[in-house]
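S.K.: coords.cif is reproduced in full below (mmCIF, C-alpha atoms, pLDDT in the B column; chains and numbers go by the auth columns).
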data_input
#
loop_
_atom_site.group_PDB
_atom_site.id
_atom_site.type_symbol
_atom_site.label_atom_id
_atom_site.label_comp_id
_atom_site.label_asym_id
_atom_site.label_seq_id
_atom_site.Cartn_x
_atom_site.Cartn_y
_atom_site.Cartn_z
_atom_site.B_iso_or_equiv
_atom_site.auth_seq_id
_atom_site.auth_asym_id
ATOM 1 C CA MET A 1 78.465 101.346 74.141 45.00 1 A
ATOM 2 C CA LYS A 2 78.604 101.743 77.912 49.00 2 A
ATOM 3 C CA PHE A 3 81.232 103.927 79.533 51.00 3 A
ATOM 4 C CA TRP A 4 82.097 104.071 83.236 52.00 4 A
ATOM 5 C CA SER A 5 79.274 101.891 84.463 50.00 5 A
ATOM 6 C CA TRP A 6 80.849 101.997 87.930 45.00 6 A
ATOM 7 C CA HIS A 7 80.419 105.767 87.939 47.00 7 A
ATOM 8 C CA ARG A 8 76.696 105.526 87.236 45.00 8 A
ATOM 9 C CA GLU A 9 76.319 102.922 89.943 45.00 9 A
ATOM 10 C CA TYR A 10 78.188 105.156 92.388 43.00 10 A
ATOM 11 C CA ASP A 11 75.960 108.112 91.545 45.00 11 A
ATOM 12 C CA LYS A 12 72.837 106.031 92.085 44.00 12 A
ATOM 13 C CA THR A 13 74.114 104.794 95.430 46.00 13 A
ATOM 14 C CA ASN A 14 74.785 108.334 96.631 48.00 14 A
ATOM 15 C CA ALA A 15 71.836 110.052 94.979 44.00 15 A
ATOM 16 C CA SER A 16 70.330 110.986 98.336 44.00 16 A
ATOM 17 C CA VAL A 17 73.564 112.449 99.715 46.00 17 A
ATOM 18 C CA VAL A 18 73.549 116.229 99.484 43.00 18 A
ATOM 19 C CA THR A 19 76.744 118.017 100.460 51.00 19 A
ATOM 20 C CA PRO A 20 76.706 121.823 100.717 56.00 20 A
ATOM 21 C CA LYS A 21 79.273 123.581 98.565 58.00 21 A
ATOM 22 C CA ASN A 22 82.769 123.546 100.131 54.00 22 A
ATOM 23 C CA GLU A 23 81.598 121.338 103.014 68.00 23 A
ATOM 24 C CA SER A 24 84.325 118.825 103.817 74.00 24 A
ATOM 25 C CA LYS A 25 83.542 115.152 104.233 85.00 25 A
ATOM 26 C CA LEU A 26 87.168 114.302 105.013 88.00 26 A
ATOM 27 C CA GLU A 27 86.136 112.819 108.358 87.00 27 A
ATOM 28 C CA GLU A 28 84.774 109.813 106.457 89.00 28 A
ATOM 29 C CA THR A 29 88.253 109.134 105.063 91.00 29 A
ATOM 30 C CA LEU A 30 89.890 109.680 108.441 89.00 30 A
ATOM 31 C CA THR A 31 87.388 107.325 110.064 88.00 31 A
ATOM 32 C CA TYR A 32 88.189 104.681 107.468 90.00 32 A
ATOM 33 C CA ILE A 33 91.921 104.908 108.236 90.00 33 A
ATOM 34 C CA LYS A 34 91.265 104.074 111.894 83.00 34 A
ATOM 35 C CA LYS A 35 88.437 101.609 111.277 83.00 35 A
ATOM 36 C CA PRO A 36 88.812 98.805 113.881 79.00 36 A
ATOM 37 C CA THR A 37 87.858 96.085 111.407 79.00 37 A
ATOM 38 C CA ARG A 38 90.867 96.898 109.215 77.00 38 A
ATOM 39 C CA MET A 39 93.034 94.364 111.031 74.00 39 A
ATOM 40 C CA ASP A 40 95.486 94.140 108.128 82.00 40 A
ATOM 41 C CA THR A 41 97.003 97.567 108.846 85.00 41 A
ATOM 42 C CA ASN A 42 99.183 98.534 111.805 89.00 42 A
ATOM 43 C CA ASP A 43 99.714 101.931 113.420 89.00 43 A
ATOM 44 C CA LYS A 44 102.808 102.679 111.363 91.00 44 A
ATOM 45 C CA GLU A 45 100.912 102.106 108.129 93.00 45 A
ATOM 46 C CA LYS A 46 98.000 104.238 109.315 92.00 46 A
ATOM 47 C CA ALA A 47 100.387 107.053 110.245 93.00 47 A
ATOM 48 C CA THR A 48 102.003 106.801 106.813 95.00 48 A
ATOM 49 C CA ALA A 49 98.588 107.087 105.174 95.00 49 A
ATOM 50 C CA LEU A 50 97.874 110.250 107.171 96.00 50 A
ATOM 51 C CA VAL A 51 101.165 111.816 106.053 97.00 51 A
ATOM 52 C CA TYR A 52 100.388 111.178 102.400 97.00 52 A
ATOM 53 C CA LEU A 53 96.839 112.386 102.890 97.00 53 A
ATOM 54 C CA GLN A 54 98.266 115.625 104.290 97.00 54 A
ATOM 55 C CA LYS A 55 100.619 115.779 101.318 97.00 55 A
ATOM 56 C CA THR A 56 97.669 115.321 98.942 97.00 56 A
ATOM 57 C CA ILE A 57 95.940 118.366 100.440 97.00 57 A
ATOM 58 C CA CYS A 58 99.150 120.421 100.255 97.00 58 A
ATOM 59 C CA ASN A 59 99.591 119.439 96.607 97.00 59 A
ATOM 60 C CA ALA A 60 96.002 120.460 95.881 96.00 60 A
ATOM 61 C CA ILE A 61 96.786 123.923 97.239 96.00 61 A
ATOM 62 C CA THR A 62 100.089 124.218 95.361 97.00 62 A
ATOM 63 C CA PHE A 63 98.886 122.955 92.001 96.00 63 A
ATOM 64 C CA GLY A 64 95.222 123.989 92.018 94.00 64 A
ATOM 65 C CA ASP A 65 94.948 127.141 94.087 94.00 65 A
ATOM 66 C CA TYR A 66 98.216 128.675 92.920 95.00 66 A
ATOM 67 C CA ALA A 67 100.141 127.194 89.979 96.00 67 A
ATOM 68 C CA TYR A 68 97.299 126.390 87.571 95.00 68 A
ATOM 69 C CA LYS A 69 95.105 129.240 88.731 95.00 69 A
ATOM 70 C CA THR A 70 97.993 131.670 88.251 95.00 70 A
ATOM 71 C CA VAL A 71 98.877 130.614 84.710 95.00 71 A
ATOM 72 C CA ARG A 72 95.215 130.426 83.721 94.00 72 A
ATOM 73 C CA ARG A 73 94.328 133.816 85.172 94.00 73 A
ATOM 74 C CA PRO A 74 97.431 135.833 86.116 93.00 74 A
ATOM 75 C CA HIS A 75 97.309 137.615 89.475 89.00 75 A
ATOM 76 C CA SER A 76 94.153 135.745 90.510 90.00 76 A
ATOM 77 C CA SER A 77 95.598 133.694 93.396 89.00 77 A
ATOM 78 C CA MET A 78 95.322 134.917 96.960 85.00 78 A
ATOM 79 C CA SER A 79 98.277 136.327 98.856 86.00 79 A
ATOM 80 C CA PRO A 80 99.632 133.632 101.215 86.00 80 A
ATOM 81 C CA THR A 81 98.997 134.152 104.918 88.00 81 A
ATOM 82 C CA LEU A 82 100.153 132.579 108.179 92.00 82 A
ATOM 83 C CA TRP A 83 96.684 131.089 108.564 92.00 83 A
ATOM 84 C CA PHE A 84 97.887 128.470 111.080 93.00 84 A
ATOM 85 C CA LEU A 85 98.582 131.073 113.780 92.00 85 A
ATOM 86 C CA PRO A 86 95.852 131.674 116.388 90.00 86 A
ATOM 87 C CA ARG A 87 94.069 134.989 116.512 83.00 87 A
ATOM 88 C CA GLU A 88 95.578 137.365 119.047 73.00 88 A
ATOM 89 C CA TYR A 89 92.499 137.823 121.161 59.00 89 A
ATOM 90 C CA SER A 90 94.336 137.454 124.478 54.00 90 A
ATOM 91 C CA SER A 91 97.675 138.346 126.024 54.00 91 A
ATOM 92 C CA GLU A 92 98.687 134.686 126.253 68.00 92 A
ATOM 93 C CA GLN A 93 100.842 133.518 123.373 79.00 93 A
ATOM 94 C CA LYS A 94 99.632 130.117 122.276 85.00 94 A
ATOM 95 C CA TYR A 95 102.457 129.169 119.951 91.00 95 A
ATOM 96 C CA ASP A 96 106.255 129.027 119.897 93.00 96 A
ATOM 97 C CA TYR A 97 108.679 130.008 117.156 95.00 97 A
ATOM 98 C CA LYS A 98 112.315 129.141 116.599 95.00 98 A
ATOM 99 C CA ARG A 99 114.585 130.108 113.749 96.00 99 A
ATOM 100 C CA MET A 100 117.527 127.749 113.434 93.00 100 A
ATOM 101 C CA ASP A 101 121.144 128.821 113.133 92.00 101 A
ATOM 102 C CA ALA A 102 121.487 126.271 110.346 95.00 102 A
ATOM 103 C CA PRO A 103 118.627 124.847 108.262 97.00 103 A
ATOM 104 C CA VAL A 104 117.530 121.230 108.350 97.00 104 A
ATOM 105 C CA TYR A 105 116.669 119.228 105.261 98.00 105 A
ATOM 106 C CA LEU A 106 113.730 116.820 105.042 97.00 106 A
ATOM 107 C CA GLU A 107 113.009 114.141 102.461 97.00 107 A
ATOM 108 C CA ALA A 108 110.782 115.751 99.845 97.00 108 A
ATOM 109 C CA ASN A 109 108.841 112.591 99.001 95.00 109 A
ATOM 110 C CA LYS A 110 107.737 112.237 102.643 95.00 110 A
ATOM 111 C CA THR A 111 107.113 115.922 103.385 97.00 111 A
ATOM 112 C CA PRO A 112 103.751 117.659 102.909 98.00 112 A
ATOM 113 C CA PHE A 113 104.872 120.923 101.306 98.00 113 A
ATOM 114 C CA ILE A 114 102.920 123.992 100.180 98.00 114 A
ATOM 115 C CA ILE A 115 104.541 126.169 97.526 98.00 115 A
ATOM 116 C CA TYR A 116 102.867 129.390 96.394 96.00 116 A
ATOM 117 C CA PRO A 117 103.783 130.128 92.746 96.00 117 A
ATOM 118 C CA TRP A 118 101.809 133.368 92.464 95.00 118 A
ATOM 119 C CA ASN A 119 103.318 135.043 89.371 96.00 119 A
ATOM 120 C CA ASN A 120 102.672 133.541 85.922 96.00 120 A
ATOM 121 C CA GLU A 121 105.745 135.122 84.318 97.00 121 A
ATOM 122 C CA ARG A 122 108.058 133.880 87.059 96.00 122 A
ATOM 123 C CA ILE A 123 106.642 130.372 86.679 97.00 123 A
ATOM 124 C CA ILE A 124 107.606 130.382 82.988 97.00 124 A
ATOM 125 C CA ASP A 125 110.953 132.072 83.597 97.00 125 A
ATOM 126 C CA ASN A 126 111.928 129.409 86.120 97.00 126 A
ATOM 127 C CA PHE A 127 110.815 126.583 83.831 97.00 127 A
ATOM 128 C CA GLU A 128 113.181 128.023 81.233 97.00 128 A
ATOM 129 C CA THR A 129 116.158 128.711 83.480 97.00 129 A
ATOM 130 C CA ILE A 130 116.187 126.238 86.417 96.00 130 A
ATOM 131 C CA GLY A 131 116.648 122.489 86.146 96.00 131 A
ATOM 132 C CA ASN A 132 118.934 119.782 84.879 96.00 132 A
ATOM 133 C CA ASP A 133 117.330 120.042 81.449 95.00 133 A
ATOM 134 C CA VAL A 134 118.625 123.619 81.073 95.00 134 A
ATOM 135 C CA ASN A 135 122.030 122.868 82.613 96.00 135 A
ATOM 136 C CA ASN A 136 121.240 124.824 85.772 96.00 136 A
ATOM 137 C CA PRO A 137 120.428 122.303 88.537 96.00 137 A
ATOM 138 C CA PHE A 138 118.161 123.426 91.335 96.00 138 A
ATOM 139 C CA ARG A 139 120.054 124.187 94.566 96.00 139 A
ATOM 140 C CA VAL A 140 118.050 123.463 97.683 96.00 140 A
ATOM 141 C CA ASP A 141 120.641 125.263 99.858 95.00 141 A
ATOM 142 C CA ASP A 142 120.259 128.567 98.012 95.00 142 A
ATOM 143 C CA ASN A 143 120.028 131.475 100.466 94.00 143 A
ATOM 144 C CA ASN A 144 117.001 132.797 98.589 94.00 144 A
ATOM 145 C CA ILE A 145 114.970 129.758 99.647 97.00 145 A
ATOM 146 C CA GLN A 146 113.172 130.034 102.985 97.00 146 A
ATOM 147 C CA ASN A 147 110.615 127.569 104.307 97.00 147 A
ATOM 148 C CA ILE A 148 108.894 127.103 107.652 98.00 148 A
ATOM 149 C CA TYR A 149 107.690 123.913 109.336 98.00 149 A
ATOM 150 C CA VAL A 150 104.369 123.924 111.205 97.00 150 A
ATOM 151 C CA TYR A 151 104.219 121.449 114.083 97.00 151 A
ATOM 152 C CA PRO A 152 102.164 119.302 114.648 97.00 152 A
ATOM 153 C CA LEU A 153 100.309 119.829 111.364 97.00 153 A
ATOM 154 C CA ASN A 154 103.433 118.279 109.806 98.00 154 A
ATOM 155 C CA ILE A 155 103.534 120.654 106.862 98.00 155 A
ATOM 156 C CA VAL A 156 106.203 122.886 105.365 98.00 156 A
ATOM 157 C CA MET A 157 105.251 126.232 103.824 97.00 157 A
ATOM 158 C CA CYS A 158 107.365 128.279 101.450 97.00 158 A
ATOM 159 C CA ILE A 159 108.128 131.832 102.547 96.00 159 A
ATOM 160 C CA ASN A 160 110.613 132.689 99.791 96.00 160 A
ATOM 161 C CA GLY A 161 111.744 130.922 96.636 96.00 161 A
ATOM 162 C CA ASN A 162 108.293 129.794 95.541 97.00 162 A
ATOM 163 C CA HIS A 163 108.921 129.778 91.816 97.00 163 A
ATOM 164 C CA SER A 164 112.316 128.066 91.818 97.00 164 A
ATOM 165 C CA GLN A 165 111.068 125.346 94.181 98.00 165 A
ATOM 166 C CA TYR A 166 107.943 124.887 92.070 98.00 166 A
ATOM 167 C CA SER A 167 110.084 124.421 88.970 97.00 167 A
ATOM 168 C CA ALA A 168 112.150 121.784 90.798 97.00 168 A
ATOM 169 C CA LEU A 169 108.968 120.087 92.030 97.00 169 A
ATOM 170 C CA ILE A 170 107.277 119.951 88.628 97.00 170 A
ATOM 171 C CA LYS A 171 110.476 118.665 86.988 97.00 171 A
ATOM 172 C CA GLY A 172 110.921 115.946 89.612 96.00 172 A
ATOM 173 C CA GLU A 173 114.170 117.422 90.905 97.00 173 A
ATOM 174 C CA LEU A 174 113.082 118.391 94.409 97.00 174 A
ATOM 175 C CA GLN A 175 114.821 115.758 96.530 97.00 175 A
ATOM 176 C CA GLN A 176 114.941 117.683 99.821 97.00 176 A
ATOM 177 C CA VAL A 177 112.907 120.405 101.489 98.00 177 A
ATOM 178 C CA LYS A 178 114.869 123.040 103.347 98.00 178 A
ATOM 179 C CA VAL A 179 113.465 124.193 106.709 98.00 179 A
ATOM 180 C CA ASP A 180 114.738 127.447 108.228 97.00 180 A
ATOM 181 C CA ALA A 181 112.288 127.901 111.103 97.00 181 A
ATOM 182 C CA VAL A 182 109.662 126.007 113.104 97.00 182 A
ATOM 183 C CA TYR A 183 106.302 127.140 114.445 97.00 183 A
ATOM 184 C CA ASN A 184 104.906 124.984 117.260 96.00 184 A
ATOM 185 C CA ILE A 185 101.132 125.377 117.611 95.00 185 A
ATOM 186 C CA LYS A 186 100.525 122.266 119.700 94.00 186 A
ATOM 187 C CA LYS A 187 99.453 124.359 122.681 92.00 187 A
ATOM 188 C CA VAL A 188 96.571 126.008 120.847 92.00 188 A
ATOM 189 C CA LEU A 189 95.532 122.765 119.139 92.00 189 A
ATOM 190 C CA ARG A 190 94.558 121.357 122.542 90.00 190 A
ATOM 191 C CA ASP A 191 91.469 123.543 122.314 89.00 191 A
ATOM 192 C CA VAL A 192 90.540 122.457 118.776 92.00 192 A
ATOM 193 C CA LYS A 193 87.871 119.769 118.572 90.00 193 A
ATOM 194 C CA ILE A 194 85.624 118.072 116.026 88.00 194 A
ATOM 195 C CA SER A 195 81.936 118.653 116.787 86.00 195 A
ATOM 196 C CA TYR A 196 79.140 116.124 116.395 79.00 196 A
ATOM 197 C CA GLU A 197 78.389 117.833 113.079 80.00 197 A
ATOM 198 C CA ASP A 198 81.987 117.128 111.947 81.00 198 A
ATOM 199 C CA LYS A 199 82.900 120.808 112.167 87.00 199 A
ATOM 200 C CA LEU A 200 86.120 122.193 113.606 91.00 200 A
ATOM 201 C CA GLU A 201 85.647 124.160 116.811 90.00 201 A
ATOM 202 C CA SER A 202 88.072 126.119 119.000 89.00 202 A
ATOM 203 C CA ASP A 203 87.992 128.378 122.036 84.00 203 A
ATOM 204 C CA GLY A 204 88.062 131.394 119.739 84.00 204 A
ATOM 205 C CA SER A 205 91.652 131.046 118.602 90.00 205 A
ATOM 206 C CA TYR A 206 90.541 130.194 115.060 92.00 206 A
ATOM 207 C CA ASP A 207 87.652 131.342 112.905 90.00 207 A
ATOM 208 C CA PHE A 208 87.227 128.011 111.151 89.00 208 A
ATOM 209 C CA GLU A 209 83.716 128.510 109.818 88.00 209 A
ATOM 210 C CA GLY A 210 84.298 132.155 108.886 89.00 210 A
ATOM 211 C CA SER A 211 87.393 133.797 107.476 87.00 211 A
ATOM 212 C CA MET A 212 89.483 130.610 107.298 89.00 212 A
ATOM 213 C CA LYS A 213 86.909 128.669 105.290 88.00 213 A
ATOM 214 C CA LYS A 214 86.463 131.712 103.060 87.00 214 A
ATOM 215 C CA GLU A 215 90.221 131.885 102.444 87.00 215 A
ATOM 216 C CA ASP A 216 90.465 128.183 101.538 90.00 216 A
ATOM 217 C CA PRO A 217 88.381 125.262 102.871 90.00 217 A
ATOM 218 C CA LYS A 218 91.393 122.984 102.402 94.00 218 A
ATOM 219 C CA ILE A 219 93.054 124.778 105.310 93.00 219 A
ATOM 220 C CA LEU A 220 90.469 123.222 107.609 94.00 220 A
ATOM 221 C CA ASP A 221 91.285 119.761 106.272 95.00 221 A
ATOM 222 C CA LEU A 222 94.970 120.307 107.076 96.00 222 A
ATOM 223 C CA PHE A 223 93.901 120.873 110.685 96.00 223 A
ATOM 224 C CA ARG A 224 91.728 117.742 110.623 95.00 224 A
ATOM 225 C CA VAL A 225 94.626 115.563 109.531 96.00 225 A
ATOM 226 C CA GLY A 226 96.991 117.350 111.909 96.00 226 A
ATOM 227 C CA LEU A 227 94.784 116.488 114.870 95.00 227 A
ATOM 228 C CA LYS A 228 94.997 112.804 113.935 94.00 228 A
ATOM 229 C CA LEU A 229 98.755 112.915 113.341 95.00 229 A
ATOM 230 C CA GLN A 230 99.330 113.831 116.988 94.00 230 A
ATOM 231 C CA GLU A 231 98.297 110.278 117.873 94.00 231 A
ATOM 232 C CA TYR A 232 101.404 109.029 116.041 94.00 232 A
ATOM 233 C CA PRO A 233 104.416 110.983 117.382 94.00 233 A
ATOM 234 C CA GLU A 234 106.845 108.688 115.559 93.00 234 A
ATOM 235 C CA VAL A 235 105.685 110.166 112.259 94.00 235 A
ATOM 236 C CA PHE A 236 107.351 113.530 112.862 96.00 236 A
ATOM 237 C CA PRO A 237 110.923 113.978 111.569 95.00 237 A
ATOM 238 C CA ALA A 238 113.558 113.462 114.269 95.00 238 A
ATOM 239 C CA GLU A 239 115.198 116.800 113.421 94.00 239 A
ATOM 240 C CA ILE A 240 111.918 118.629 113.986 96.00 240 A
ATOM 241 C CA LYS A 241 111.129 116.840 117.261 95.00 241 A
ATOM 242 C CA LYS A 242 114.543 117.842 118.573 95.00 242 A
ATOM 243 C CA ILE A 243 113.884 121.502 117.768 95.00 243 A
ATOM 244 C CA VAL A 244 110.399 121.369 119.301 95.00 244 A
ATOM 245 C CA SER A 245 111.814 119.862 122.500 94.00 245 A
ATOM 246 C CA GLN A 246 114.043 122.931 122.877 91.00 246 A
ATOM 247 C CA MET A 247 111.172 125.414 122.681 88.00 247 A
#
Write the structure described by the file as structure tokens, please.
M.R.:
Amino acid sequence: MKFWSWHREYDKTNASVVTPKNESKLEETLTYIKKPTRMDTNDKEKATALVYLQKTICNAITFGDYAYKTVRRPHSSMSPTLWFLPREYSSEQKYDYKRMDAPVYLEANKTPFIIYPWNNERIIDNFETIGNDVNNPFRVDDNNIQNIYVYPLNIVMCINGNHSQYSALIKGELQQVKVDAVYNIKKVLRDVKISYEDKLESDGSYDFEGSMKKEDPKILDLFRVGLKLQEYPEVFPAEIKKIVSQM
């Protein structure tokens, strides 16, 4: 009996392709999205694909690097960092920050969102105590919840309320994502390029091939998608663009 004949054929086709461990080949997917011969897709559809690609990477971090890793081996996940901020190697500040007087709420199904459930016991406690199934609906406007939006990477990162938001996410009850503050790193991204070897390069603001790759190679892929998203300004939420315009 033959199983997965397509898989064997795929392996044979790519037998000569050798990819170093943790080396991203995401550029191949990004190139496909913008392939000129794909006449059946318009710019809006390509932008939508990029958003969901960014969301896929965020989900991989949330579920793989934190949730599953934490319950499998408690206390094994890394402490979250503000990895998107440039290194302070000069006196010039290359990003802007604004905390809103009132939060904005984005559609969860369209928002790339990283949650960091880092404590195995809190994950279980929140499964047991938060959700419609335990008669305690998740409240997105809870003061304990704090999230930040990173422009123009188009991602939201949880700063506080990781475990309650993760419970809502896993139970399918996260309808909105609360945003309390916005970081605008567009200025520093002007110096970030893709080399001929498909590697991220900057003027020294980021250590892509060093500490950042060591922390999590998926971080680099978030930058790769973010660079492409800038070509489609209509993809960013109107509420966020308004805040950015005031910075």
S.K.: Between CA of Phe127 (chain A) and CA of Tyr166 (chain A), measure the distance and give it in Å to one decimal.
M.R.: 8.9 Å
S.K.: Using the chain letters and numbers from the file, which residues does the PyMOL selection byres ((chain A and resi 83-88) around 10) grab, as a PDB file with C-alpha atoms, in the coordinates of the input?
M.R.:
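Listed below is the output, part.pdb:
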ATOM      1  CA  PRO A  80      99.632 133.632 101.215  1.00 86.00           C
ATOM      2  CA  THR A  81      98.997 134.152 104.918  1.00 88.00           C
ATOM      3  CA  LEU A  82     100.153 132.579 108.179  1.00 92.00           C
ATOM      4  CA  TYR A  89      92.499 137.823 121.161  1.00 59.00           C
ATOM      5  CA  SER A  90      94.336 137.454 124.478  1.00 54.00           C
ATOM      6  CA  SER A  91      97.675 138.346 126.024  1.00 54.00           C
ATOM      7  CA  GLU A  92      98.687 134.686 126.253  1.00 68.00           C
ATOM      8  CA  GLN A  93     100.842 133.518 123.373  1.00 79.00           C
ATOM      9  CA  LYS A  94      99.632 130.117 122.276  1.00 85.00           C
ATOM     10  CA  TYR A  95     102.457 129.169 119.951  1.00 91.00           C
ATOM     11  CA  VAL A 150     104.369 123.924 111.205  1.00 97.00           C
ATOM     12  CA  TYR A 151     104.219 121.449 114.083  1.00 97.00           C
ATOM     13  CA  LEU A 153     100.309 119.829 111.364  1.00 97.00           C
ATOM     14  CA  TYR A 183     106.302 127.140 114.445  1.00 97.00           C
ATOM     15  CA  ASN A 184     104.906 124.984 117.260  1.00 96.00           C
ATOM     16  CA  ILE A 185     101.132 125.377 117.611  1.00 95.00           C
ATOM     17  CA  VAL A 188      96.571 126.008 120.847  1.00 92.00           C
ATOM     18  CA  LEU A 189      95.532 122.765 119.139  1.00 92.00           C
ATOM     19  CA  SER A 202      88.072 126.119 119.000  1.00 89.00           C
ATOM     20  CA  GLY A 204      88.062 131.394 119.739  1.00 84.00           C
ATOM     21  CA  SER A 205      91.652 131.046 118.602  1.00 90.00           C
ATOM     22  CA  TYR A 206      90.541 130.194 115.060  1.00 92.00           C
ATOM     23  CA  ASP A 207      87.652 131.342 112.905  1.00 90.00           C
ATOM     24  CA  SER A 211      87.393 133.797 107.476  1.00 87.00           C
ATOM     25  CA  MET A 212      89.483 130.610 107.298  1.00 89.00           C
ATOM     26  CA  GLU A 215      90.221 131.885 102.444  1.00 87.00           C
ATOM     27  CA  ASP A 216      90.465 128.183 101.538  1.00 90.00           C
ATOM     28  CA  ILE A 219      93.054 124.778 105.310  1.00 93.00           C
ATOM     29  CA  LEU A 220      90.469 123.222 107.609  1.00 94.00           C
ATOM     30  CA  LEU A 222      94.970 120.307 107.076  1.00 96.00           C
ATOM     31  CA  PHE A 223      93.901 120.873 110.685  1.00 96.00           C
TER      32      PHE A 223
END
S.K.: My list of candidates is A:Tyr66, A:Tyr149, A:Thr111, A:Arg72. Which is closest to Tyr52 (chain A) when distances are computed with all atoms listed in the file?
M.R.: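 Closest to Tyr52 (chain A) of all the choices is A:Thr111.
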S.K.: Which residues fall under the PyMOL selection byres ((chain A and resi 234) around 12) in this file, as an MDAnalysis selection string?
M.R.: chainID A and resid 43:48 51 152 154 229:233 235:241
S.K.: May I ask for the distance between CA of Glu28 (chain A) and CA of Asn42 (chain A), given in Å to one decimal place?
M.R.: 19.1 Å
S.K.: What's around Val140 (chain A) at 8 Å? Count all atoms listed in the file, leave out sequence neighbours fewer than 5 positions away in its own chain, and write the answer as a list in words.
M.R.: Ile145, Leu174, Gln176, Val177 and Lys178 of chain A
S.K.: How would the residues just chosen look if you wrote them out with C-alpha atoms as a PDB file, keeping the file's coordinate frame?
M.R.:
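Output saved as again_15.pdb:
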ATOM      1  CA  ILE A 145     114.970 129.758  99.647  1.00 97.00           C
ATOM      2  CA  LEU A 174     113.082 118.391  94.409  1.00 97.00           C
ATOM      3  CA  GLN A 176     114.941 117.683  99.821  1.00 97.00           C
ATOM      4  CA  VAL A 177     112.907 120.405 101.489  1.00 98.00           C
ATOM      5  CA  LYS A 178     114.869 123.040 103.347  1.00 98.00           C
TER       6      LYS A 178
END
S.K.: Need to verify the contact set: Lys218 (chain A), 9 Å, all atoms listed in the file, exclusion of same-chain residues closer than 6 positions in sequence. Can you return it as an mmCIF file with C-alpha atoms, keeping the file's coordinate frame?
M.R.:
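File produced: part35.cif:
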data_model
loop_
_atom_site.group_PDB
_atom_site.id
_atom_site.type_symbol
_atom_site.label_atom_id
_atom_site.label_comp_id
_atom_site.auth_asym_id
_atom_site.auth_seq_id
_atom_site.Cartn_x
_atom_site.Cartn_y
_atom_site.Cartn_z
ATOM 1 C CA ASN A 22 82.769 123.546 100.131
ATOM 2 C CA SER A 24 84.325 118.825 103.817
ATOM 3 C CA ILE A 57 95.940 118.366 100.440
ATOM 4 C CA CYS A 58 99.150 120.421 100.255
ATOM 5 C CA ALA A 60 96.002 120.460 95.881
ATOM 6 C CA ILE A 61 96.786 123.923 97.239
#
S.K.: Would you pick out the contacts of region 117-121 of chain A at 6 Å or less, using only C-alpha atoms, so that residues sharing its chain but fewer than 4 positions from it are not included, and give the list as a list in words?
M.R.: Tyr66, Ala67, Thr70, Val71, Pro74, Asn162 and His163 of chain A
S.K.: Nearest to Lys171 (chain A) among A:Glu128, A:Asp203, A:Asp198, A:Glu209, with distances taken over all atoms listed in the file: which residue is it?
M.R.: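 So, comparing all the options, the nearest one is A:Glu128.
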S.K.: Could you check which of A:Lys110, A:Lys242, A:Lys199, A:Lys214 is closest to Leu26 (chain A), using all atoms listed in the file?
M.R.: A:Lys199
S.K.: Let me make sure I understand: among A:Val179, A:Ala108, A:Ile115, A:Met78, which one has the smallest atom-to-atom distance to Ile148 (chain A) if we use all atoms listed in the file?
M.R.: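 Residue with the minimum atom-to-atom distance to Ile148 (chain A): A:Val179.
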S.K.: Please compute the CA of Ala181 (chain A)-CA of Ala102 (chain A) distance, one decimal, in Å.
M.R.: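 Calculated distance between CA of Ala181 (chain A) and CA of Ala102 (chain A) is 9.4 Å.
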S.K.: Taking into account only C-alpha atoms, which residue in the set A:Ser195, A:Thr62, A:Asn160, A:Thr37 is nearest to Gln146 (chain A)?
M.R.: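 Once distances to Gln146 (chain A) are computed over only C-alpha atoms, the minimum belongs to A:Asn160.
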S.K.: Considering all atoms listed in the file, can you say which of A:Ser245, A:Ser164, A:Gly226, A:Lys55 comes closest to Gly131 (chain A)?
M.R.: A:Ser164
